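Enquirer: The structure that follows is given in the form of structure tokens.
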Amino acid sequence: MPEVIFEDKLRNLLIRRRSTYDAAFLALLKRTIWGSGGIRYTINNLTEILSRIKHPHFLSLEENGQLIGALTLIHKTNRLGGKDYPAFYAYGLAIETTERGKGYGTLLSGQALNYGLSRLQERGIYYGYVEAANTRSLRTLQKVGRKSLGQYHSLLVSRLWPKDQVGVQKLEGSQRQRLVQLLDEQYAKHSLTDFEQSIKTEDYYVVMHGGEIVAGLQCERNHLTIKHLPGASGVLLLKILPHIPLVRQLFPKGNYHFLTLGNIYIREGNERDLFNLIEAVLAKHQLNFGMIYLDRRSPIHQRLKKAGKFGIINALVTVPVHVMASLKGFSAREIAEIHRQPLLMSMLDPV
């Protein structure tokens with residue numbers, strides 16, 4: 001049953017929470033052009049993205065019974081400072097184009113934050129991601145009291161003709177707990193980890209040496225249409241390279257099918273195995289590039305940058321993303337410690 005979490009009778013406004021979404025909710029997300037000051041794009045696989053969400057809370061802003069805004073919350077658990085806490089991740093704030101500039105984005109963001117914080121018990125975190133160039137959305141979230149915990153930066157691995165690799169295999173169910181242990185050890189000094197929840201064996205691939213996992217990653221297919229990319233890189237990617245025969249399959253006129261890669265494990269010294277694994281997974285999915293988001297403060301980011309050959313797209317595109325958060329029940333000292341730690345993007349968090 002829908003739950004009314006906010007009502008303004010003078011303006012005939014309601015915010016309803018549902019555990020399922022309807023056709024109007026999906027249609028609003030589909031016609032939304034995401035981003036503002038930097039890259040702008042539409043998301044073409046929203047049905048798949050929403051179906052992957054565990055424990056969703058779909059929030060609908062209605063005026064006179066008509067949908068004018070949408071936001072999705074994901075109820076989960078995240079690790080902060082070595083301990084697990086309840087969390088809400090906020091995804092996909094969308095306001096109908098004709099209703100923008102009226103404060104509805106701030107209203108929906110603020111009421112969603114109040115709703116989430118009220119359900120976090122004594123301590124927890126409410127957070128979401130916003131591209132650094134999307135100044136409009138950043139201002140909206142700052143108005144309701146959310147602050148940046150840090151940034152992720154994109155790493156894009158592209159292969160014109162990816163080849164499958166010997167020794168790459170899917171994670172077996174019997175190996176899952178060992179993998180969680182390895183990831184917990186590798187990211188022990190990171191915040192926002194959630195491996196016990198986010199590892200999906202059907203989407204996880206590994207390289208084994210001597211019966212031990214030496215490299216691993218999780219992948220999800222995504223599909224965007226890029227509408228605008230500023231600067232010389234945008235001209236090159238959207239107007240020039242799609243017409244060059246040898247490379248145009250990488251740049252299909254702004255229509256990008258790719259893999260999001262995360263929950264990455266690399267045993268020290270096996271960075272080459274990880275890049276072979278990425279190429280193999282691209283080949284298995286018949287795609288040409290994958291995207292990784294990492295905090296530049298993370299030793300894993302530094303190891304990949306030092307060891308990897310990423311390909312042409314990585315040199316042309318970088319998409320920094322703020323982690324905009326509100327922490328409940330933490331002392332100033334604890335918050336300062338969380339700010340000092342590198343962050344890790346979860347595979348449960350759609351971007």
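The chains in the structure tokens are called A, B, ... from first to last as shown; in each chain the residues are counted from 1, and the ligands are counted from 1 in the order shown.
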Residues near Met345 of chain A, anyone? I mean within 8 Å using only C-alpha atoms, not counting same-chain ones fewer than 3 positions away, as a list in words.
Expert: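 In the requested form, the answer reads Tyr152, Leu192, Thr193, Gly262, Tyr293, Leu294 and Asp349 of chain A.
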Enquirer: Applying 8 Å and only C-alpha atoms, which residues near segment 10-14 of chain A remain after dropping the ones on its own chain fewer than 6 positions away? List them as a ChimeraX atom specification.
Expert: /A:4,60-64
Enquirer: For Gln111 of chain A, which residue among A:Leu141, A:Lys227, A:Glu337, A:Asp194 is the nearest when counting only C-alpha atoms?
Expert: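 Looking only at the distances to Gln111 of chain A, the closest residue turns out to be A:Leu141.
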Enquirer: Mind pulling up the distance from atom CA of Arg18 of chain A to atom CA of Thr72 of chain A?
Expert: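 Taking atom CA of Thr72 of chain A as the start and atom CA of Arg18 of chain A as the end point, the length is 9.7 Å.
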Enquirer: Need to verify the contact set: Val214 of chain A, 10 Å, only C-alpha atoms, exclusion of same-chain residues closer than 5 positions in sequence. Can you return it as a list in words?
Expert: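 Here the answer would be Leu182, Val206, Val207, Met208, His209, Tyr265, Ile266, Arg267, Glu268, Gly269, Asn270, Glu271, Asp273 and Leu274 of chain A.
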Enquirer: With only C-alpha atoms as the atoms that count, which of A:Leu229, A:Ala336, A:Ile68, A:Val317 lies nearest to Arg100 of chain A?
Expert: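 Among A:Leu229, A:Ala336, A:Ile68, A:Val317, it is A:Ile68 that comes nearest to Arg100 of chain A.
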Enquirer: Do you know which residues are at most 12 Å from Arg52 of chain A counting only C-alpha atoms, after dropping those on the same chain fewer than 5 positions away, and could you put them as a PyMOL selection string?
Expert: chain A and resi 45-47+74+198+200+220-221+347-350
Enquirer: Closest to Thr135 of chain A among A:Ser36, A:Pro2, A:Val281, A:His257, using only C-alpha atoms?
Expert: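 Of the candidates, the smallest distance to Thr135 of chain A is held by A:Ser36.
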Enquirer: Which residues, written as a PyMOL selection string, have at least one atom at most 9 Å from Leu183 of chain A, with only C-alpha atoms counted and residues fewer than 5 positions away on the same chain left out?
Expert: chain A and resi 178+188+195+263-265
Enquirer: Any chance you can output those residues with C-alpha atoms as a compact mmCIF listing (two decimals), in the first residue's frame?
Expert:
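Contents of result.txt, freshly written:
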# COMPACT_ATOMS: atom_id res chain seq x y z
CA ARG A 178 36.64 -16.55 0.77
CA ALA A 188 39.79 -2.63 5.46
CA PHE A 195 30.57 -7.01 0.21
CA ASN A 263 34.11 -5.11 -6.14
CA ILE A 264 37.58 -5.41 -7.64
CA TYR A 265 40.12 -7.69 -6.00
Enquirer: So, with only C-alpha atoms as the atoms that count, which of A:Leu67, A:Ala283, A:Leu327, A:Leu29 lies closest to Pro86 of chain A?
Expert: A:Leu327
Enquirer: Tell me, as a PyMOL selection string, which residues lie within 7 Å of His228 of chain A, counting only C-alpha atoms; anything in the same chain fewer than 4 positions away does not count.
Expert: chain A and resi 39-41
Enquirer: Write out the residues from the selection above, keeping N, CA and C atoms, as an mmCIF file, in the first residue's frame.
Expert:
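The resulting part32.cif:
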data_model
loop_
_atom_site.group_PDB
_atom_site.id
_atom_site.type_symbol
_atom_site.label_atom_id
_atom_site.label_comp_id
_atom_site.auth_asym_id
_atom_site.auth_seq_id
_atom_site.Cartn_x
_atom_site.Cartn_y
_atom_site.Cartn_z
ATOM 1 N N ILE A 39 28.747 16.387 -18.707
ATOM 2 C CA ILE A 39 28.138 15.387 -19.577
ATOM 3 C C ILE A 39 26.632 15.329 -19.325
ATOM 4 N N ARG A 40 25.841 15.211 -20.411
ATOM 5 C CA ARG A 40 24.395 15.053 -20.302
ATOM 6 C C ARG A 40 23.992 13.816 -21.104
ATOM 7 N N TYR A 41 23.074 13.029 -20.553
ATOM 8 C CA TYR A 41 22.793 11.721 -21.142
ATOM 9 C C TYR A 41 21.416 11.226 -20.720
#
Enquirer: Could you check the closest approach to Leu282 of chain A for each of A:Lys328, A:His223, A:Arg296, A:Arg159 and tell me which residue wins, using only C-alpha atoms?
Expert: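 That would be A:Arg159, the residue with the smallest distance to Leu282 of chain A.
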Enquirer: Between A:Ile199, A:Ile278, A:Leu343, A:Val130, which is the closest to Val168 of chain A once you count only C-alpha atoms?
Expert: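 Smallest separation from Val168 of chain A among the options: A:Ile278.
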Enquirer: For Leu26 of chain A, please output as an NGL selection string all residues within 12 Å (counting only C-alpha atoms; exclusion window: fewer than 5 positions along the same chain).
Expert: :A and (20-21 or 31-32 or 43-51 or 58-60 or 67 or 69-72 or 92 or 94)
Enquirer: Store the residues picked out above, limited to C-alpha atoms, as a PDB file, in the first residue's frame.
Expert:
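The file below, part.pdb, is the result:
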ATOM      1  CA  THR A  20       6.949  -0.963  -6.509  1.00  0.00           C
ATOM      2  CA  TYR A  21       6.976   1.616  -9.286  1.00  0.00           C
ATOM      3  CA  ARG A  31      12.651  10.960 -20.610  1.00  0.00           C
ATOM      4  CA  THR A  32      14.928  12.710 -18.107  1.00  0.00           C
ATOM      5  CA  ILE A  43      19.664   6.076 -19.384  1.00  0.00           C
ATOM      6  CA  ASN A  44      18.325   3.341 -21.655  1.00  0.00           C
ATOM      7  CA  ASN A  45      18.290   0.311 -19.331  1.00  0.00           C
ATOM      8  CA  LEU A  46      16.278   1.729 -16.451  1.00  0.00           C
ATOM      9  CA  THR A  47      13.965  -1.274 -16.217  1.00  0.00           C
ATOM     10  CA  GLU A  48      16.971  -3.536 -15.611  1.00  0.00           C
ATOM     11  CA  ILE A  49      18.529  -1.080 -13.144  1.00  0.00           C
ATOM     12  CA  LEU A  50      15.353  -0.790 -11.065  1.00  0.00           C
ATOM     13  CA  SER A  51      14.797  -4.556 -11.126  1.00  0.00           C
ATOM     14  CA  PHE A  58      10.071   4.552  -4.656  1.00  0.00           C
ATOM     15  CA  LEU A  59       9.087   8.137  -3.822  1.00  0.00           C
ATOM     16  CA  SER A  60       6.636   9.994  -6.071  1.00  0.00           C
ATOM     17  CA  LEU A  67       3.402  12.769 -11.078  1.00  0.00           C
ATOM     18  CA  GLY A  69       8.935  14.153  -9.436  1.00  0.00           C
ATOM     19  CA  ALA A  70      10.593  10.814  -8.651  1.00  0.00           C
ATOM     20  CA  LEU A  71      13.345   9.524  -6.392  1.00  0.00           C
ATOM     21  CA  THR A  72      14.411   6.004  -5.398  1.00  0.00           C
ATOM     22  CA  GLY A  92      17.618   9.123  -9.702  1.00  0.00           C
ATOM     23  CA  ALA A  94      13.994  13.545 -11.512  1.00  0.00           C
TER      24      ALA A  94
END
